[in-house]
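**Student:** Mind looking over this structure? Questions follow.
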Amino acid sequence: MPHIVIDEARCKGCGLCTIACPKKLVALSDSPNSMGFTVAVFSDASQCTGCTLCAEMCPDVAITVFK
Amino acid sequence: MKQVFSRPESLKDIQTHFCPGCHHGSVHRLAAEAMDEFGVRGETIGVASVGCSVFLYGYFDVDVIEAPHGRAPAVATGAKRARPDRIVFSYQGDGDLAAIGTAEIIHAANRGEDITVIFVNNTTYGMTGGQMAPTTMVGQKTSTSPYGRDHSKDGYPIRMAELLAQLEGVGFSARVAVNSPKNVMQAKKLMKTAFRYQVEKKGFAFIEVLAACPTNWGMNPLAANQRVGDEMVPYFPLGVYRNTANL
Ligand SMILES: Cc1ncc(C[n+]2csc(CCOP(=O)(O)OP(=O)(O)O)c2C)c(N)n1
Ligand code: SF4
Ligand code: SF4
Ligand code: SF4
């Protein structure tokens with residue numbers, strides 16, 4: 001099943017991935033990483049198409065996509 | 001299951017110092033992907049400028065020379081002439097390239113040096129606290145234009161991609177943005193063209209990237225990203241302004 005993996009340590013919580021996903025599967029959480037950034041989380045892998053758009057938008061290359 | 005998106009090899013796997021939502025990170029990745037595409041990681045020399053991208057040498061897995069403010073195209077000229085077998089690129093902000101380094105970029109372009117220049121236009125001097133740059137939008141408030149840029153005193157924002165496209169020495173000149181998936185895909189394609197020019201020895205290549213500086217714009221990352229499309233793109237149109245080899 002296509003899915004993404006968000007590297008929490010690298011995520012800066014900018015939210016740019018959240019506006020990229022056509023299916024709105026990525027959202028910002030309230031949980032901070034060790035840098036204090038509230039990280040992005042992925043939900044509902046059953047709907048992910050592996051289109052890579054979220055990863056293409058991430059300025060910190062924190063998202064890996066599997067298909 | 002295949003990994004269909006991962007970090008390019010030419011970009012080291014380390015945390016950058018860029019602010020959240022800073023587009024420098026995206027531009028770094030696209031440049032690294034272009035180096036991967038042509039398999040030139042081992043033979044590339046980067047020339048870093050002065051600005052928030054000064055730590056380029058820590059992020060790209062290639063050799064890097066650090067140039068004095070604005071002088072990256074002159075340093076790149078020397079590197080390329082000494083080692084014509086290498087792929088040489090400079091990476092410069094708008095304060096660096098369009099203000100203090102105006103002479104160097106114009107003459108390197110006019111001489112048609114076989115280099116690739118990546119120009120990150122975020123309408124401000126990022127590293128030093130958001131002073132007005134030649135690219136600052138009319139009305140934009142910065143630390144040195146607290147009432148907004150006044151064109152009667154400060155002139156209008158300079159369009160570097162169009163300006164350089166007038167010069168006979170230039171092979172390729174384009175402007176892209178990384179504020180939406182669609183624009184990122186186009187930026188990816190044209191970043192590769194900017195490197196292909198050098199790989200195929202077709203002449204000087206210039207790529208301007210419209211970029212957000214959320215910190216000095218006083219905006220959150222999403223609002224800053226939005227501003228690129230709403231305010232910058234209408235004044236700085238995206239497109240290819242010169243492509244002599246039709247690559
Ligand atoms: C000769 C010299 N003058 C001034 C400075 C101070 N300085 C450091 S970075 C910078 C501006 C960089 O702005 P820009 O090129 O737009 O890059 P950004 O930080 O926005 O990416 C200036 C003026 C310097 N380091 N050296
Ligand atoms: S790969 Fe595409 S569908 Fe899956 S989370 Fe990312 S943007 Fe959404
Ligand atoms: S775009 Fe990248 S850094 Fe920004 S919130 Fe998403 S995963 Fe985190
Ligand atoms: S100050 Fe601006 S250009 Fe510099 S790292 Fe932060 S957001 Fe990027």
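How things are named: the first chain in the structure tokens is A, the next is B, and so on; residues count from 1 in each chain; ligands count from 1 in the order shown.
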As a quick test: using only C-alpha atoms and all ligand atoms, which residues lie no more than 6 Å away from ligand 4? Give them as a list in words.
**Tutor:**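 Checked against 6 Å with only C-alpha atoms and all ligand atoms; the hits are Phe18, Cys19, Cys22, Cys52, Gly126, Met127, Cys213, Pro214, Thr215 and Asn216 of chain B.
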**Student:** Pick out the residues no farther than 8 Å from ligand 1, counting only C-alpha atoms and all ligand atoms, and list them as a PyMOL selection string.
**Tutor:** chain B and resi 24+49-53+68-70+92-98+100+120-128+130+133+213
**Student:** Using only C-alpha atoms, which chain A residues lie at most 7 Å away from chain B, written as number ranges by chain?
**Tutor:** A: 10, 12-16, 20, 52-53, 56-61, 64-67
**Student:** Please provide as a VMD selection string all residues within 8 Å of Thr38 of chain A, with the sequence filter that same-chain residues fewer than 5 positions apart are discarded (counting only C-alpha atoms).
**Tutor:** chain A and resid 12 to 13 28 to 33
**Student:** Among segment 20-228 of chain B, which ones does DSSP place in alpha helix (DSSP H), written as a PyMOL selection string?
**Tutor:** chain B and resi 24-38+56-59+72-82+94-95+102-111+151-154+160-165+181-199+214-217+221-227
**Student:** Any idea what's packed within 7 Å of Gly239 of chain B, counting only C-alpha atoms, ignoring anything in its chain fewer than 5 positions away? Could you give it as a ChimeraX atom specification?
**Tutor:** /B:174-176
**Student:** Store the residues picked out above, limited to C-alpha atoms, as an mmCIF file, in the first residue's frame.
**Tutor:**
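New file part13.cif:
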data_model
loop_
_atom_site.group_PDB
_atom_site.id
_atom_site.type_symbol
_atom_site.label_atom_id
_atom_site.label_comp_id
_atom_site.auth_asym_id
_atom_site.auth_seq_id
_atom_site.Cartn_x
_atom_site.Cartn_y
_atom_site.Cartn_z
ATOM 1 C CA ALA B 174 14.512 31.389 -16.476
ATOM 2 C CA ARG B 175 12.425 32.168 -13.411
ATOM 3 C CA VAL B 176 10.662 29.532 -11.317
#
**Student:** Name the residues in contact with Cys11 of chain A at a cut-off of 7 Å, using only C-alpha atoms, excluding same-chain residues fewer than 4 positions from it; report them as a list of chain:residue names.
**Tutor:**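 Using only C-alpha atoms, the neighbours found are A:Asp7, A:Val39, A:Asp60, A:Ala62.
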**Student:** By how many Å are atom CA of Ala194 of chain B and atom CA of Gln166 of chain B apart?
**Tutor:**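 For atom CA of Ala194 of chain B relative to atom CA of Gln166 of chain B, the distance reads 17.1 Å.
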**Student:** Quick one: pick out all strand (DSSP E) residues within segment 112-236 of chain B from a backbone DSSP run and write them as a list in words.
**Tutor:** Thr116, Val117, Ile118, Phe119, Val120, Asn121, Val170, Gly171, Phe172, Ser173, Ala174, Arg175, Val176, Ala177, Phe204, Ala205, Phe206, Ile207, Glu208, Val209 and Leu210 of chain B
**Student:** Using only C-alpha atoms and all ligand atoms, pick whichever of A:His3, A:Lys24, A:Cys51, A:Ile63 has the shortest atom-to-atom distance to ligand 3.
**Tutor:**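 Among the listed residues, the smallest separation from ligand 3 belongs to A:Ile63.
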